[in-house]
>>> print(open('structure12.csv').read())   # CSV, C-alpha atoms
chain,number,residue,atom,x,y,z
A,1,MET,CA,0.0,0.0,0.0
A,2,SER,CA,1.4,3.4,-1.0
A,3,GLN,CA,2.5,5.6,2.0
A,4,TRP,CA,1.7,8.8,0.1
A,5,THR,CA,0.4,10.1,-3.2
A,6,SER,CA,1.4,13.1,-5.5
A,7,THR,CA,-2.0,14.8,-5.1
A,8,ASP,CA,-2.2,17.7,-2.7
A,9,GLN,CA,-5.0,16.5,-0.4
A,10,ALA,CA,-5.3,15.1,3.1
A,11,ALA,CA,-5.7,11.5,1.8
A,12,GLY,CA,-2.5,11.8,-0.2
A,13,SER,CA,-0.3,13.1,2.7
A,14,PRO,CA,2.4,10.8,4.1
A,15,LYS,CA,0.7,8.3,6.4
A,16,TRP,CA,3.5,8.6,9.0
A,17,GLY,CA,3.0,12.3,9.5
A,18,ALA,CA,0.9,12.3,12.6
A,19,ALA,CA,2.9,9.5,14.2
A,20,SER,CA,6.1,11.4,13.7
A,21,ILE,CA,4.8,14.1,16.1
A,22,TRP,CA,3.3,11.7,18.6
A,23,GLN,CA,-0.3,12.3,17.5
A,24,GLY,CA,-3.2,10.1,16.5
A,25,SER,CA,-4.6,6.8,17.7
A,26,GLY,CA,-2.2,4.3,16.2
A,27,ARG,CA,-1.3,2.6,12.9
A,28,SER,CA,-4.8,1.3,12.3
A,29,ALA,CA,-6.1,4.9,11.8
A,30,GLN,CA,-3.1,6.5,10.0
A,31,ALA,CA,-5.2,8.3,7.4
A,32,ALA,CA,-7.7,9.6,9.9
A,33,ASN,CA,-4.9,10.8,12.1
A,34,ASN,CA,-3.4,12.8,9.3
A,35,THR,CA,-6.6,14.6,8.3
A,36,PRO,CA,-6.5,17.3,11.1
A,37,LEU,CA,-2.8,17.7,10.5
A,38,TYR,CA,-3.2,18.5,6.8
A,39,VAL,CA,-2.6,22.3,6.1
A,40,ASN,CA,-3.0,23.0,9.8
A,41,THR,CA,-2.0,26.4,11.1
A,42,THR,CA,-4.2,26.5,14.2
A,43,VAL,CA,-2.6,27.3,17.5
A,44,GLY,CA,-3.3,24.7,20.2
A,45,ALA,CA,-4.6,22.1,17.8
A,46,TRP,CA,-2.2,19.5,19.2
A,47,THR,CA,-1.6,18.2,22.7
A,48,LEU,CA,0.9,15.9,24.3
A,49,HIS,CA,-0.2,14.1,27.5
A,50,GLY,CA,-3.1,16.6,27.7
A,51,THR,CA,-0.9,19.7,27.5
A,52,PRO,CA,-1.0,22.0,24.3
A,53,VAL,CA,2.2,21.5,22.2
A,54,ASN,CA,4.0,24.8,22.0
A,55,GLN,CA,4.4,24.8,18.3
A,56,VAL,CA,2.0,24.9,15.4
A,57,GLN,CA,2.4,21.7,13.3
A,58,GLY,CA,0.9,21.1,9.9
A,59,GLN,CA,1.5,18.9,6.9
A,60,PHE,CA,1.5,20.6,3.5
A,61,GLY,CA,1.9,19.6,-0.2
A,62,ALA,CA,4.4,22.0,-1.8
A,63,ASN,CA,4.2,22.4,-5.6
A,64,LYS,CA,6.8,24.0,-7.9
A,65,PHE,CA,5.2,27.4,-7.6
A,66,GLU,CA,5.2,27.4,-3.8
A,67,VAL,CA,8.8,26.3,-3.7
A,68,ALA,CA,9.8,28.8,-6.3
A,69,GLN,CA,8.4,31.6,-4.2
A,70,GLY,CA,11.5,31.3,-2.2
A,71,TRP,CA,13.8,32.7,-4.9
A,72,GLY,CA,11.6,35.1,-6.8
A,73,LYS,CA,9.5,38.3,-6.3
A,74,HIS,CA,5.8,38.6,-5.7
A,75,LEU,CA,3.0,41.2,-5.6
A,76,VAL,CA,2.9,43.0,-2.2
A,77,THR,CA,0.4,45.9,-2.8
A,78,LEU,CA,-1.9,47.0,-5.6
A,79,THR,CA,-3.7,50.4,-5.5
A,80,VAL,CA,-5.9,52.3,-7.9
A,81,THR,CA,-6.6,56.0,-8.5
A,82,GLY,CA,-8.9,57.8,-11.0
A,83,SER,CA,-12.6,58.1,-11.6
A,84,THR,CA,-13.3,54.5,-12.5
A,85,THR,CA,-16.5,53.4,-14.1
A,86,GLY,CA,-18.0,50.5,-16.2
A,87,PHE,CA,-16.2,47.7,-14.4
A,88,SER,CA,-18.0,44.5,-13.1
A,89,ASN,CA,-17.6,42.4,-9.9
A,90,THR,CA,-16.6,39.5,-12.1
A,91,ASP,CA,-13.7,41.4,-13.7
A,92,LEU,CA,-10.1,40.2,-12.8
A,93,ILE,CA,-7.0,42.3,-12.5
A,94,ASN,CA,-3.9,40.6,-13.9
A,95,VAL,CA,-0.4,41.6,-13.0
A,96,THR,CA,1.8,39.9,-15.6
A,97,PRO,CA,5.6,39.5,-15.5
A,98,VAL,CA,7.7,40.6,-18.4
A,99,ALA,CA,11.2,39.6,-17.3
A,100,ALA,CA,12.1,36.0,-18.1
A,101,GLY,CA,12.4,33.5,-15.3
A,102,GLN,CA,11.7,29.8,-14.8
A,103,GLY,CA,8.3,29.2,-13.3
A,104,THR,CA,7.1,32.8,-13.3
A,105,ARG,CA,3.4,33.4,-13.2
A,106,LYS,CA,1.1,36.4,-13.0
A,107,ALA,CA,-0.5,37.8,-9.9
A,108,THR,CA,-4.3,38.3,-9.8
A,109,ALA,CA,-6.9,40.3,-7.8
A,110,THR,CA,-10.6,40.6,-7.8
A,111,ILE,CA,-12.6,43.8,-7.5
A,112,SER,CA,-15.8,45.0,-5.9
A,113,THR,CA,-17.7,47.8,-7.7
A,114,ASN,CA,-20.2,50.4,-6.9
A,115,SER,CA,-23.5,51.2,-8.7
A,116,ILE,CA,-21.7,52.8,-11.7
A,117,GLY,CA,-19.0,50.1,-11.9
A,118,GLY,CA,-16.4,52.1,-10.1
A,119,PHE,CA,-14.0,50.7,-7.5
A,120,VAL,CA,-11.4,52.0,-5.0
A,121,ASN,CA,-8.5,50.5,-3.0
A,122,SER,CA,-10.8,48.9,-0.5
A,123,GLY,CA,-12.5,47.0,-3.4
A,124,ILE,CA,-9.3,45.3,-4.5
A,125,THR,CA,-8.5,41.8,-3.1
A,126,ILE,CA,-5.3,40.1,-4.1
A,127,THR,CA,-6.1,36.4,-4.8
A,128,SER,CA,-2.6,35.3,-6.0
A,129,ILE,CA,0.6,37.0,-5.2
A,130,GLY,CA,2.2,35.6,-8.4
A,131,LEU,CA,5.9,34.8,-9.0
A,132,PHE,CA,8.3,37.2,-10.8
A,133,ALA,CA,11.9,36.9,-11.7
A,134,ASN,CA,14.3,38.9,-9.5
A,135,ALA,CA,15.0,41.1,-12.5
A,136,GLU,CA,11.3,42.3,-12.5
A,137,THR,CA,10.6,45.8,-11.2
A,138,ASN,CA,7.5,47.8,-10.4
A,139,ALA,CA,7.9,49.6,-13.7
A,140,THR,CA,8.2,46.4,-15.9
A,141,VAL,CA,5.1,44.4,-14.9
A,142,VAL,CA,2.0,44.8,-17.1
A,143,ILE,CA,-1.4,45.4,-15.4
A,144,SER,CA,-4.7,44.6,-17.3
A,145,VAL,CA,-8.3,44.0,-16.3
A,146,ALA,CA,-10.1,41.1,-17.9
A,147,ASN,CA,-13.8,40.3,-18.0
A,148,SER,CA,-15.3,37.0,-16.9
A,149,ILE,CA,-14.6,35.3,-20.2
A,150,GLY,CA,-11.0,36.5,-20.5
A,151,GLY,CA,-11.6,39.4,-22.8
A,152,VAL,CA,-10.8,43.1,-22.1
A,153,SER,CA,-13.0,44.7,-19.4
A,154,GLY,CA,-15.3,47.5,-20.5
A,155,GLY,CA,-14.2,49.6,-17.5
A,156,SER,CA,-12.2,52.8,-17.8
A,157,GLY,CA,-10.6,55.6,-15.7
A,158,GLN,CA,-8.1,53.5,-13.8
A,159,THR,CA,-4.5,54.2,-12.9
A,160,PHE,CA,-2.8,51.4,-11.0
A,161,ALA,CA,0.3,51.4,-8.8
A,162,GLN,CA,1.9,48.2,-7.6
A,163,THR,CA,4.7,47.0,-5.4
A,164,ILE,CA,6.6,43.8,-6.0
A,165,ALA,CA,9.3,42.6,-3.7
A,166,GLY,CA,11.5,39.6,-3.0
A,167,THR,CA,10.5,37.0,-0.4
A,168,THR,CA,11.9,37.4,3.0
A,169,GLY,CA,9.5,35.1,4.8
A,170,GLU,CA,9.4,31.4,5.3
A,171,ALA,CA,9.1,30.5,1.6
A,172,THR,CA,12.9,30.7,1.5
A,173,ARG,CA,13.0,27.6,3.7
A,174,ARG,CA,11.2,25.3,1.3
A,175,MET,CA,13.8,23.4,-0.8
A,176,SER,CA,11.9,20.7,-2.7
A,177,THR,CA,8.5,20.0,-4.2
A,178,GLY,CA,6.6,17.2,-2.4
A,179,TRP,CA,5.3,16.8,1.1
A,180,GLN,CA,6.5,19.2,3.9
A,181,MET,CA,6.0,19.1,7.7
A,182,ARG,CA,5.8,22.7,8.9
A,183,ARG,CA,6.6,23.6,12.5
A,184,ALA,CA,6.1,27.1,13.7
A,185,GLY,CA,7.7,27.8,17.1
A,186,MET,CA,6.1,29.7,19.9
A,187,GLY,CA,7.2,32.0,22.7
A,188,PRO,CA,6.3,34.8,25.1
A,189,VAL,CA,5.8,38.5,24.4
A,190,SER,CA,9.0,40.3,25.6
A,191,THR,CA,8.4,44.0,25.1
A,192,LEU,CA,5.5,46.3,24.2
A,193,SER,CA,4.9,49.9,23.2
A,194,ALA,CA,2.1,52.0,24.6
A,195,VAL,CA,0.9,55.4,23.4
A,196,ASN,CA,-2.0,57.8,23.4
A,197,GLY,CA,-5.3,57.3,25.3
A,198,THR,CA,-6.8,59.4,28.0
A,199,GLY,CA,-7.8,59.0,31.7
A,200,PHE,CA,-5.4,56.1,32.4
A,201,ALA,CA,-4.2,55.2,35.9
A,202,ASN,CA,-0.8,53.8,36.7
A,203,GLY,CA,-1.1,50.0,37.0
A,204,GLU,CA,-3.9,49.4,34.6
A,205,SER,CA,-3.5,46.2,32.6
A,206,VAL,CA,-3.9,44.6,29.3
A,207,LYS,CA,-4.6,41.0,28.4
A,208,LEU,CA,-2.5,39.3,25.8
A,209,SER,CA,-4.4,36.5,24.1
A,210,GLY,CA,-4.5,34.4,20.9
A,211,GLY,CA,-1.9,31.7,21.8
A,212,ASN,CA,-1.6,28.6,23.9
A,213,ALA,CA,-1.4,30.7,27.1
A,214,ASN,CA,-2.5,34.2,27.8
A,215,GLY,CA,-0.3,37.0,29.0
A,216,LEU,CA,-0.7,40.1,31.1
A,217,ALA,CA,1.0,43.5,31.0
A,218,ASN,CA,0.9,46.6,33.3
A,219,LEU,CA,0.6,50.2,31.9
A,220,THR,CA,2.4,53.4,33.0
A,221,THR,CA,1.0,56.9,32.4
A,222,ASN,CA,2.2,60.4,32.5
A,223,ALA,CA,0.8,63.1,34.8
A,224,THR,CA,-2.1,63.8,32.4
A,225,GLY,CA,-3.2,60.2,32.1
A,226,ASN,CA,-1.7,59.4,28.7
A,227,LEU,CA,0.0,56.1,28.1
A,228,VAL,CA,3.8,56.1,28.1
A,229,SER,CA,4.8,52.4,28.5
A,230,ALA,CA,3.7,48.9,29.0
A,231,THR,CA,5.6,46.2,30.8
A,232,VAL,CA,5.0,42.4,30.6
A,233,MET,CA,4.4,41.1,34.1
A,234,SER,CA,7.1,38.7,35.2
A,235,GLY,CA,6.3,35.2,34.0
A,236,ASN,CA,3.2,36.4,32.2
A,237,GLY,CA,4.3,36.8,28.6
A,238,GLY,CA,2.0,34.1,27.3
A,239,VAL,CA,2.8,31.6,24.5
A,240,PHE,CA,2.3,32.8,20.9
A,241,VAL,CA,3.4,32.0,17.3
A,242,ASN,CA,4.4,35.6,16.5
A,243,ALA,CA,3.7,39.2,17.2
A,244,SER,CA,0.8,39.4,14.7
A,245,SER,CA,-1.0,36.6,16.5
A,246,VAL,CA,-1.2,38.5,19.8
A,247,SER,CA,-4.5,40.2,20.6
A,248,VAL,CA,-4.3,43.0,23.1
A,249,THR,CA,-7.4,43.8,25.2
A,250,PHE,CA,-7.6,46.6,27.7
A,251,ASN,CA,-9.0,45.5,31.1
A,252,ARG,CA,-10.2,49.1,31.8
A,253,GLU,CA,-9.8,49.1,35.6
A,254,LYS,CA,-11.6,51.9,37.3
A,255,HIS,CA,-10.2,55.0,39.2
A,256,VAL,CA,-11.7,57.8,41.2
A,257,ALA,CA,-12.8,60.8,39.2
A,258,ASN,CA,-14.3,63.1,41.9
A,259,VAL,CA,-14.8,63.3,45.6
A,260,ILE,CA,-18.2,64.6,46.6
A,261,VAL,CA,-19.5,66.1,49.9
A,262,THR,CA,-23.0,67.0,51.0
A,263,GLY,CA,-24.3,68.4,54.3
A,264,SER,CA,-23.5,71.4,56.6
A,265,THR,CA,-19.9,70.7,57.3
A,266,THR,CA,-17.6,72.1,60.0
A,267,LEU,CA,-14.5,71.3,62.1
A,268,PHE,CA,-12.4,69.9,59.2
A,269,THR,CA,-8.8,71.2,58.9
A,270,ASN,CA,-6.5,71.8,55.9
A,271,THR,CA,-4.3,69.0,57.0
A,272,ASP,CA,-7.1,66.4,56.9
A,273,THR,CA,-7.0,64.0,54.0
A,274,ILE,CA,-9.5,61.8,52.1
A,275,LEU,CA,-9.1,58.0,51.7
A,276,VAL,CA,-11.2,56.2,49.1
A,277,THR,CA,-11.3,52.4,49.4
A,278,ASN,CA,-13.9,49.6,49.3
A,279,THR,CA,-14.7,46.4,51.2
A,280,ALA,CA,-13.3,44.1,48.4
A,281,GLY,CA,-11.6,44.4,45.1
A,282,PHE,CA,-9.5,47.5,45.5
A,283,ILE,CA,-6.0,47.4,44.0
A,284,VAL,CA,-4.7,50.8,45.0
A,285,ASN,CA,-6.6,53.2,47.3
A,286,ALA,CA,-7.3,56.7,46.1
A,287,THR,CA,-6.4,59.8,48.2
A,288,ALA,CA,-7.1,63.5,48.2
A,289,THR,CA,-6.3,66.6,50.2
A,290,MET,CA,-8.8,69.3,51.2
A,291,SER,CA,-9.1,73.1,51.7
A,292,THR,CA,-11.4,74.4,54.4
A,293,ASN,CA,-13.2,77.7,55.1
A,294,SER,CA,-13.0,79.6,58.4
A,295,ILE,CA,-15.3,77.3,60.3
A,296,GLY,CA,-13.7,74.1,58.9
A,297,GLY,CA,-16.4,73.6,56.2
A,298,ILE,CA,-15.7,71.9,52.9
A,299,THR,CA,-17.5,71.8,49.5
A,300,ASN,CA,-17.0,69.8,46.3
A,301,SER,CA,-14.4,72.3,45.1
A,302,SER,CA,-12.4,71.8,48.4
A,303,PHE,CA,-10.8,68.5,47.2
A,304,THR,CA,-7.6,67.9,45.3
A,305,ILE,CA,-7.1,64.3,44.3
A,306,THR,CA,-3.5,63.2,44.9
A,307,ASN,CA,-3.8,59.6,43.8
A,308,ILE,CA,-6.7,58.5,41.6
A,309,GLY,CA,-6.3,54.9,42.8
A,310,LEU,CA,-7.0,51.7,41.0
A,311,PHE,CA,-10.0,49.5,41.3
A,312,ILE,CA,-11.4,46.4,39.6
A,313,PRO,CA,-13.1,46.9,36.3
A,314,THR,CA,-16.6,46.2,37.8
A,315,GLN,CA,-16.2,48.7,40.6
A,316,THR,CA,-19.2,51.0,41.2
A,317,ALA,CA,-19.4,54.3,42.9
A,318,GLY,CA,-21.8,52.8,45.4
A,319,GLY,CA,-19.3,50.3,46.5
A,320,LEU,CA,-16.7,52.9,47.5
A,321,VAL,CA,-15.9,53.8,51.1
A,322,VAL,CA,-14.9,57.4,51.5
A,323,THR,CA,-13.3,58.5,54.8
A,324,ALA,CA,-11.8,61.8,56.2
A,325,LEU,CA,-8.6,61.3,58.2
A,326,LEU,CA,-6.4,63.4,60.4
A,327,ALA,CA,-2.8,63.8,59.4
A,328,ASN,CA,-1.8,61.0,61.8
A,329,GLY,CA,-4.3,58.6,60.1
A,330,SER,CA,-7.0,58.6,62.7
A,331,ALA,CA,-10.6,59.7,62.1
A,332,SER,CA,-11.1,63.4,61.3
A,333,ALA,CA,-12.9,65.6,63.8
A,334,GLY,CA,-14.9,67.1,61.0
A,335,ALA,CA,-18.7,66.9,61.3
A,336,GLY,CA,-21.8,67.2,59.1
A,337,ALA,CA,-20.3,65.6,56.0
A,338,THR,CA,-21.6,62.8,53.8
A,339,LEU,CA,-18.8,61.8,51.6
A,340,SER,CA,-18.9,59.9,48.3
A,341,ALA,CA,-16.9,59.5,45.1
A,342,THR,CA,-17.4,58.8,41.4
A,343,VAL,CA,-15.4,56.4,39.3
A,344,ALA,CA,-14.3,56.4,35.7
A,345,ASN,CA,-12.2,54.3,33.3
A,346,SER,CA,-9.7,55.1,30.6
A,347,SER,CA,-10.5,55.4,26.9
A,348,ALA,CA,-8.6,54.7,23.6
A,349,GLY,CA,-4.9,54.1,23.7
A,350,THR,CA,-2.6,51.8,21.7
A,351,VAL,CA,-0.5,48.9,23.0
A,352,ALA,CA,1.5,46.9,20.4
A,353,VAL,CA,4.0,44.0,20.6
A,354,THR,CA,7.5,45.1,19.7
A,355,ALA,CA,9.5,42.0,20.5
A,356,MET,CA,8.9,38.3,21.1
A,357,GLY,CA,11.0,35.7,23.0
A,358,GLY,CA,11.5,32.0,22.9
A,359,ARG,CA,11.0,30.4,19.4
A,360,ALA,CA,8.2,32.8,18.4
A,361,GLY,CA,8.4,33.7,14.7
A,362,ARG,CA,10.7,30.8,13.9
A,363,VAL,CA,9.5,28.3,11.3
A,364,LEU,CA,11.1,25.0,10.4
A,365,TYR,CA,10.3,22.9,7.3
A,366,GLU,CA,11.1,19.2,7.1
A,367,CYS,CA,10.9,17.6,3.7
A,368,GLU,CA,9.1,14.3,4.2
A,369,VAL,CA,8.8,13.4,0.5
A,370,SER,CA,10.7,14.9,-2.4
A,371,SER,CA,8.7,14.6,-5.6
A,372,LEU,CA,9.2,15.8,-9.1
A,373,SER,CA,5.6,17.1,-9.2
A,374,LEU,CA,2.6,17.5,-7.0
A,375,SER,CA,-0.9,18.0,-8.5
A,376,ASN,CA,-3.2,20.7,-7.1
A,377,GLY,CA,-5.7,18.8,-5.2
A,378,SER,CA,-6.0,21.7,-2.8
A,379,THR,CA,-6.2,25.5,-3.3
A,380,THR,CA,-4.7,26.2,0.1
A,381,GLN,CA,-1.3,27.8,-0.3
A,382,LEU,CA,1.6,27.3,2.0
A,383,PRO,CA,2.3,30.4,4.1
A,384,SER,CA,4.8,32.8,2.5
>>> encode(input="structure12.csv", output="structure tokens")
Amino acid sequence: MSQWTSTDQAAGSPKWGAASIWQGSGRSAQAANNTPLYVNTTVGAWTLHGTPVNQVQGQFGANKFEVAQGWGKHLVTLTVTGSTTGFSNTDLINVTPVAAGQGTRKATATISTNSIGGFVNSGITITSIGLFANAETNATVVISVANSIGGVSGGSGQTFAQTIAGTTGEATRRMSTGWQMRRAGMGPVSTLSAVNGTGFANGESVKLSGGNANGLANLTTNATGNLVSATVMSGNGGVFVNASSVSVTFNREKHVANVIVTGSTTLFTNTDTILVTNTAGFIVNATATMSTNSIGGITNSSFTITNIGLFIPTQTAGGLVVTALLANGSASAGAGATLSATVANSSAGTVAVTAMGGRAGRVLYECEVSSLSLSNGSTTQLPS
């Protein structure tokens, strides 16, 4: 019985693939074991003794085009300007190479038009990045728009701009047509950048998700509540394939926005302070100073918040405990005041991954079967 076929489909993949990474239910179900491995790029799809394997493993068929991508150039961007009209949603953009090169092929893109047959950059979807010789340049490729039967489109008004570039990604690691085992390493987030946003409190956090294990980072602000930095908490960098796979979510912890007083107040002093805490869930207490009138009275304008504090994201104003204290920390002698506070959370802000650790971003290809040709049983392309 053949152990593999030259057709790019799950049933044709090498039968020993899953067994080689300690997956599957044994030799009697070799083909079934390989089905979930075929063209897999899903994080956490494989476990070993019940624990997720910290690499993404998949078995791919590599044809001549996918291997050749490692030496040539391909289409990176395609944009359009002009008052376009008369095009159809079934039209196809062809970016055709001119420079000679073995195995070169055109790039293609589909378009989405408006009611008059016009389209803009957001209406262009690159469907094949093509393969161009290294001698090809942005100026030498030929761009045309074909209709659904291969003739010239009836549209007009378009001016295209394109970028082609050499491959710097993992395509350079594929050395032979045939069957390839792809292993993408994983690792933690090492460093982050943080900018913009308003109303942040020091110590707010972001969740890092999208991998085998989530991570957590703390945020630092300037005096006006704008983000200035983010630091991964020790041992909480998570486990991810690469930076682009990391999703960053703000936890939006609460902080004190205002201290409020009602009542006929008296006997407070300028050295008294305000402490804002709660019975459960506080992270950092908030504090404020006060300024009194001649009889020790205070109003809402009497308070200056010195630390906005930090509370859990679900904190409500009603759950806060607001206390007036003497300078020595004991209860204030002030009378007639009912104290409360309001809470708020931050808004906007950008936190981005700037560096990864471990084996994140590293991809290894192992050639399982070297074949002169491989037929296209699948339209799924290897990552480039």
>>> atom_distance(input="structure12.csv", atom1="CA of Thr273 (chain A)", atom2="CA of Thr220 (chain A)")
25.3 Å
>>> residues_around(input="structure12.csv", residues="Val195 (chain A)", least_positions_apart="5", cutoff="7 Å", atoms="all atoms listed in the file", output="ChimeraX atom specification")
/A:227-228,349-351
>>> write_last_selection(input="structure12.csv", atoms="C-alpha atoms", output="PDB file, in the frame of the given file")
ATOM      1  CA  LEU A 227       0.000  56.100  28.100  1.00  0.00           C
ATOM      2  CA  VAL A 228       3.800  56.100  28.100  1.00  0.00           C
ATOM      3  CA  GLY A 349      -4.900  54.100  23.700  1.00  0.00           C
ATOM      4  CA  THR A 350      -2.600  51.800  21.700  1.00  0.00           C
ATOM      5  CA  VAL A 351      -0.500  48.900  23.000  1.00  0.00           C
TER       6      VAL A 351
END
>>> residues_around(input="structure12.csv", residues="Thr110 (chain A)", least_positions_apart="4", cutoff="7 Å", atoms="all atoms listed in the file", output="PDB file with C-alpha atoms, keeping the file's coordinate frame")
ATOM      1  CA  ASP A  91     -13.700  41.400 -13.700  1.00  0.00           C
ATOM      2  CA  LEU A  92     -10.100  40.200 -12.800  1.00  0.00           C
ATOM      3  CA  ILE A  93      -7.000  42.300 -12.500  1.00  0.00           C
ATOM      4  CA  ILE A 124      -9.300  45.300  -4.500  1.00  0.00           C
ATOM      5  CA  THR A 125      -8.500  41.800  -3.100  1.00  0.00           C
ATOM      6  CA  ILE A 126      -5.300  40.100  -4.100  1.00  0.00           C
ATOM      7  CA  THR A 127      -6.100  36.400  -4.800  1.00  0.00           C
TER       8      THR A 127
END
>>> closest_residue(input="structure12.csv", among="A:Ser340, A:Asn33, A:Gln3, A:Asn40", to="Leu275 (chain A)", atoms="all atoms listed in the file")
A:Ser340
>>> atom_distance(input="structure12.csv", atom1="CA of Thr306 (chain A)", atom2="CA of Ala331 (chain A)")
18.9 Å
>>> residues_near_point(input="structure12.csv", point="(-7.5, 59.5, 61.8)", cutoff="12 Å", atoms="all atoms listed in the file", output="list of chain:residue names")
A:Phe268, A:Thr271, A:Asp272, A:Thr273, A:Ile274, A:Leu275, A:Thr323, A:Ala324, A:Leu325, A:Leu326, A:Ala327, A:Asn328, A:Gly329, A:Ser330, A:Ala331, A:Ser332, A:Ala333, A:Gly334
>>> atom_distance(input="structure12.csv", atom1="CA of Pro52 (chain A)", atom2="CA of Met233 (chain A)")
22.1 Å
>>> closest_atom_pairs(input="structure12.csv", of="region 57-113 of chain A", to="region 12-20 of chain A", cutoff="12 Å", atoms="only C-alpha atoms", output="Markdown table")
| residue | atom | partner | partner_atom | distance |
| --- | --- | --- | --- | --- |
| A:Gln57 | CA | A:Ala18 | CA | 9.5 |
| A:Gly58 | CA | A:Gly17 | CA | 9.1 |
| A:Gln59 | CA | A:Gly17 | CA | 7.3 |
| A:Phe60 | CA | A:Ser13 | CA | 7.8 |
| A:Gly61 | CA | A:Ser13 | CA | 7.4 |
| A:Ala62 | CA | A:Ser13 | CA | 11.0 |
>>> closest_residue(input="structure12.csv", among="A:Leu192, A:Ala32, A:Val53, A:Ala161", to="Val76 (chain A)", atoms="only C-alpha atoms")
A:Ala161
>>> residues_around(input="structure12.csv", residues="Thr354 (chain A)", least_positions_apart="2", cutoff="7 Å", atoms="all atoms listed in the file", output="list of chain:residue names")
A:Thr191, A:Leu192, A:Ser193, A:Ala352
>>> residues_near_point(input="structure12.csv", point="(-9.0, 52.3, -10.6)", cutoff="6 Å", atoms="only C-alpha atoms", output="mmCIF file with C-alpha atoms, keeping the file's coordinate frame")
data_model
loop_
_atom_site.group_PDB
_atom_site.id
_atom_site.type_symbol
_atom_site.label_atom_id
_atom_site.label_comp_id
_atom_site.auth_asym_id
_atom_site.auth_seq_id
_atom_site.Cartn_x
_atom_site.Cartn_y
_atom_site.Cartn_z
ATOM 1 C CA VAL A 80 -5.900 52.300 -7.900
ATOM 2 C CA THR A 81 -6.600 56.000 -8.500
ATOM 3 C CA GLY A 82 -8.900 57.800 -11.000
ATOM 4 C CA THR A 84 -13.300 54.500 -12.500
ATOM 5 C CA GLN A 158 -8.100 53.500 -13.800
ATOM 6 C CA THR A 159 -4.500 54.200 -12.900
#
>>> closest_residue(input="structure12.csv", among="A:Thr266, A:Ala230, A:Gly309, A:Gly178", to="Ser294 (chain A)", atoms="only C-alpha atoms")
A:Thr266
>>> residues_around(input="structure12.csv", residues="Ser144 (chain A)", least_positions_apart="4", cutoff="9 Å", atoms="all atoms listed in the file", output="number ranges by chain")
A: 92-96, 152-153
>>> residues_around(input="structure12.csv", residues="Ala201 (chain A)", least_positions_apart="6", cutoff="10 Å", atoms="all atoms listed in the file", output="VMD selection string")
chain A and resid 219 to 227 252 to 256 307 to 311 345 to 346
>>> closest_residue(input="structure12.csv", among="A:Thr287, A:Thr338, A:Thr140, A:Ser112", to="Ala257 (chain A)", atoms="all atoms listed in the file")
A:Thr287
>>> closest_residue(input="structure12.csv", among="A:Thr51, A:Thr85, A:Asn293, A:Thr137", to="Ala213 (chain A)", atoms="all atoms listed in the file")
A:Thr51
>>> closest_residue(input="structure12.csv", among="A:Thr42, A:Gly130, A:Val353, A:Val142", to="Leu208 (chain A)", atoms="all atoms listed in the file")
A:Val353
>>> decode(input="structure12.csv", residues="region 301-327 of chain A", atoms="C-alpha atoms", output="compact mmCIF listing (two decimals), in the first residue's frame")
# COMPACT_ATOMS: atom_id res chain seq x y z
CA SER A 301 -14.37 72.31 45.15
CA SER A 302 -12.37 71.78 48.36
CA PHE A 303 -10.77 68.52 47.20
CA THR A 304 -7.57 67.91 45.26
CA ILE A 305 -7.08 64.28 44.26
CA THR A 306 -3.48 63.24 44.88
CA ASN A 307 -3.83 59.60 43.79
CA ILE A 308 -6.74 58.49 41.60
CA GLY A 309 -6.27 54.93 42.82
CA LEU A 310 -7.00 51.72 40.97
CA PHE A 311 -10.02 49.45 41.35
CA ILE A 312 -11.38 46.37 39.62
CA PRO A 313 -13.14 46.91 36.25
CA THR A 314 -16.57 46.23 37.77
CA GLN A 315 -16.18 48.74 40.61
CA THR A 316 -19.21 50.99 41.15
CA ALA A 317 -19.39 54.34 42.92
CA GLY A 318 -21.84 52.85 45.40
CA GLY A 319 -19.29 50.29 46.49
CA LEU A 320 -16.69 52.86 47.52
CA VAL A 321 -15.93 53.80 51.12
CA VAL A 322 -14.85 57.45 51.51
CA THR A 323 -13.28 58.51 54.82
CA ALA A 324 -11.83 61.78 56.15
CA LEU A 325 -8.65 61.32 58.19
CA LEU A 326 -6.39 63.42 60.38
CA ALA A 327 -2.78 63.82 59.36
